[in-house]
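Structure first, then comments.
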Amino acid sequence: IETKMMLNLKMLVIFTMTNVNTAFVIHHTSSQQTTTTQRFLTKQEPTTTTSSLKKTGGGIPSIPSGELRLFDPNEEGKLSGTNNLQDRILNGAQYNYATYLHPGPTGAVAAPPPQDATLLPAQHFLEHLDQDGALPLNFAKPIAPATATLLGRTRIIADDAPGDIQHIIMRLPTGFHYVEGQSLSVIPPGVDPKNGRAHKPRLYSIASTRYGDVLDGNTVSLCVRRAEYYDPVSGSVDPTKKGVCSNFLCDAEAGAQIDVAGPVGKTMLLPKDPNADIIMVATGTGIAPFRGFLHRLFMEQTVAGHLFSGKVWLVLGVPTTGGLLYKEEFDAMMKNAGPDQLRIDYARSREQFN
């Protein structure tokens, strides 16, 4: 049937998809003025009579759904007889794309890589988070926080180093994602004794990549310094002046439920240019976002890490050698980095003198 009027092609497609029990396939070609539609009966369908048209309401005989009788992935999906899409439909979550990376009995879906090519694994399931300028923002807000679960924490400075700094790992609720350089808020439990209201949120820089230290894309790590006040006369800690949120986190046990909000942050992100040189300067727990950057570039198997060809210079300031944060990790990164690609300098304020 050929008509000289404009048809709404989008509505036509929706119609054919929603009426999956119909016994015909529609092929359509369109131009600015003309739309051509052809109707083909299936092999199992007998010729439609006037009575059957009335019974089925408009001449659309129904057949059982399934079995790909209305849509053949190999034909309609233009997959050249590979059964690629059909296998995806039938196998669901068990579908393995790697099967189709090399020639098979029905032909090759993708050309094999050159013999001298280096194949590298690359984790990729969260790479979409910051594509095309998009960023994950405010999955939860402080007025309606999400609940995270503390998986573990550990002190990461030596006993002779001043203070207490801990690395904390939390499992986030499903859908709570972030990218390197962003921050999240922690809302400590209880109320502020000064006004009787709930405590205000405390903002912490995220110290892990989007995949988290567990690499499942569902955890977040923080680097938290316990806020304490030492009485100058007695030299002891004054418990009445301790930091509410930092002490809550540094004392929490595994399994503790923690209210969190965020993520936030649009500016302190890794450059998109894989050839860019990066200078990072941090003191103490200010290393948190840079740890995430360095893990992404030199530790994790990601496309961003494989393509990075710039140079990175990190300067980290701490009071003493025992207070060096994540030094073992940074030593491993130095081995992973290319020649002259990563430089790390430490400044120890109580041990180095000019």
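Chain labels follow the order of the structure tokens: the first chain is A, the next B, and so on; residue numbering restarts at 1 in every chain, and ligands are counted from 1 in their shown order.
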
Nearby residues (only C-alpha atoms) at most 9 Å from Leu316 of chain A, same-chain spacing under 4 positions excluded, as JSON, numbers by chain | {"A": [280, 281, 282, 283, 284, 286, 287, 324, 325, 344, 345, 346, 347, 348]}

Identify, with DSSP run on backbone atoms, the residues in segment 136-352 of chain A assigned to helix (DSSP H, G or I), and express the list as a PyMOL selection string.
-> chain A and resi 239-241+244-251+284-298+303-307+321-323+327-336

Cut-off 10 Å: closest segment 127-155 of chain A/segment 201-212 of chain A atom pairs per residue, using only C-alpha atoms, as JSON lines:
{"residue": "A:Glu127", "atom": "CA", "partner": "A:Arg210", "partner_atom": "CA", "distance": 8.7}
{"residue": "A:Leu129", "atom": "CA", "partner": "A:Arg210", "partner_atom": "CA", "distance": 8.8}
{"residue": "A:Lys141", "atom": "CA", "partner": "A:Pro201", "partner_atom": "CA", "distance": 9.8}
{"residue": "A:Pro142", "atom": "CA", "partner": "A:Pro201", "partner_atom": "CA", "distance": 6.6}
{"residue": "A:Ile143", "atom": "CA", "partner": "A:Pro201", "partner_atom": "CA", "distance": 9.5}
{"residue": "A:Pro145", "atom": "CA", "partner": "A:Pro201", "partner_atom": "CA", "distance": 9.8}

Output C-alpha atoms for every residue in the selection just made, as a short mmCIF file (atom, residue, chain, number, x, y, z; two decimals), in the first residue's frame.
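Contents of part-v5.cif, freshly written:
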data_model
loop_
_atom_site.label_atom_id
_atom_site.label_comp_id
_atom_site.auth_asym_id
_atom_site.auth_seq_id
_atom_site.Cartn_x
_atom_site.Cartn_y
_atom_site.Cartn_z
CA GLU A 127 32.77 4.55 32.73
CA LEU A 129 29.21 8.11 34.89
CA LYS A 141 20.52 15.00 50.17
CA PRO A 142 21.24 15.79 53.84
CA ILE A 143 17.54 16.28 54.58
CA PRO A 145 20.13 10.86 53.57
#

Name the residues in contact with Asp259 of chain A at a cut-off of 10 Å, using only C-alpha atoms, excluding same-chain residues fewer than 6 positions from it; report them as an MDAnalysis selection string.
-> chainID A and resid 140 142 144:149 185:189 201

I need the residues from that last selection saved to file as a PDB file, in the first residue's frame (with N, CA and C atoms), if you can.
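Here's the written file part-v9.pdb:
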ATOM      1  N   ALA A 140      21.521  11.394  47.191  1.00  0.00           N
ATOM      2  CA  ALA A 140      20.776  11.642  48.429  1.00  0.00           C
ATOM      3  C   ALA A 140      21.192  13.002  48.975  1.00  0.00           C
ATOM      4  N   PRO A 142      21.167  15.863  52.374  1.00  0.00           N
ATOM      5  CA  PRO A 142      21.238  15.787  53.845  1.00  0.00           C
ATOM      6  C   PRO A 142      19.880  15.717  54.536  1.00  0.00           C
ATOM      7  N   ALA A 144      17.367  14.133  53.450  1.00  0.00           N
ATOM      8  CA  ALA A 144      16.847  12.770  53.229  1.00  0.00           C
ATOM      9  C   ALA A 144      18.033  11.877  52.888  1.00  0.00           C
ATOM     10  N   PRO A 145      18.895  11.598  53.851  1.00  0.00           N
ATOM     11  CA  PRO A 145      20.135  10.855  53.566  1.00  0.00           C
ATOM     12  C   PRO A 145      19.888   9.393  53.234  1.00  0.00           C
ATOM     13  N   ALA A 146      20.884   8.806  52.583  1.00  0.00           N
ATOM     14  CA  ALA A 146      20.889   7.369  52.318  1.00  0.00           C
ATOM     15  C   ALA A 146      21.658   6.672  53.437  1.00  0.00           C
ATOM     16  N   THR A 147      21.502   5.379  53.531  1.00  0.00           N
ATOM     17  CA  THR A 147      22.157   4.613  54.587  1.00  0.00           C
ATOM     18  C   THR A 147      23.276   3.763  54.009  1.00  0.00           C
ATOM     19  N   ALA A 148      24.491   4.003  54.494  1.00  0.00           N
ATOM     20  CA  ALA A 148      25.651   3.197  54.118  1.00  0.00           C
ATOM     21  C   ALA A 148      25.986   2.250  55.265  1.00  0.00           C
ATOM     22  N   THR A 149      26.732   1.205  54.949  1.00  0.00           N
ATOM     23  CA  THR A 149      27.121   0.228  55.963  1.00  0.00           C
ATOM     24  C   THR A 149      28.637   0.192  56.077  1.00  0.00           C
ATOM     25  N   SER A 185      28.816  13.617  52.084  1.00  0.00           N
ATOM     26  CA  SER A 185      28.575  14.092  53.445  1.00  0.00           C
ATOM     27  C   SER A 185      28.219  12.932  54.362  1.00  0.00           C
ATOM     28  N   VAL A 186      28.660  13.043  55.592  1.00  0.00           N
ATOM     29  CA  VAL A 186      28.282  12.088  56.634  1.00  0.00           C
ATOM     30  C   VAL A 186      27.512  12.862  57.695  1.00  0.00           C
ATOM     31  N   ILE A 187      26.361  12.340  58.075  1.00  0.00           N
ATOM     32  CA  ILE A 187      25.546  12.974  59.117  1.00  0.00           C
ATOM     33  C   ILE A 187      25.661  12.134  60.382  1.00  0.00           C
ATOM     34  N   PRO A 188      26.388  12.614  61.390  1.00  0.00           N
ATOM     35  CA  PRO A 188      26.553  11.813  62.616  1.00  0.00           C
ATOM     36  C   PRO A 188      25.231  11.677  63.363  1.00  0.00           C
ATOM     37  N   PRO A 189      25.063  10.590  64.100  1.00  0.00           N
ATOM     38  CA  PRO A 189      23.813  10.397  64.836  1.00  0.00           C
ATOM     39  C   PRO A 189      23.727  11.335  66.039  1.00  0.00           C
ATOM     40  N   PRO A 201      25.639  18.035  58.472  1.00  0.00           N
ATOM     41  CA  PRO A 201      26.486  17.091  57.707  1.00  0.00           C
ATOM     42  C   PRO A 201      27.931  17.573  57.653  1.00  0.00           C
TER      43      PRO A 201
END

Long-range neighbours of Gln301 of chain A as a PyMOL selection string, 9 Å cut-off, only C-alpha atoms, 5 positions minimum in chain | chain A and resi 120-124+296+306
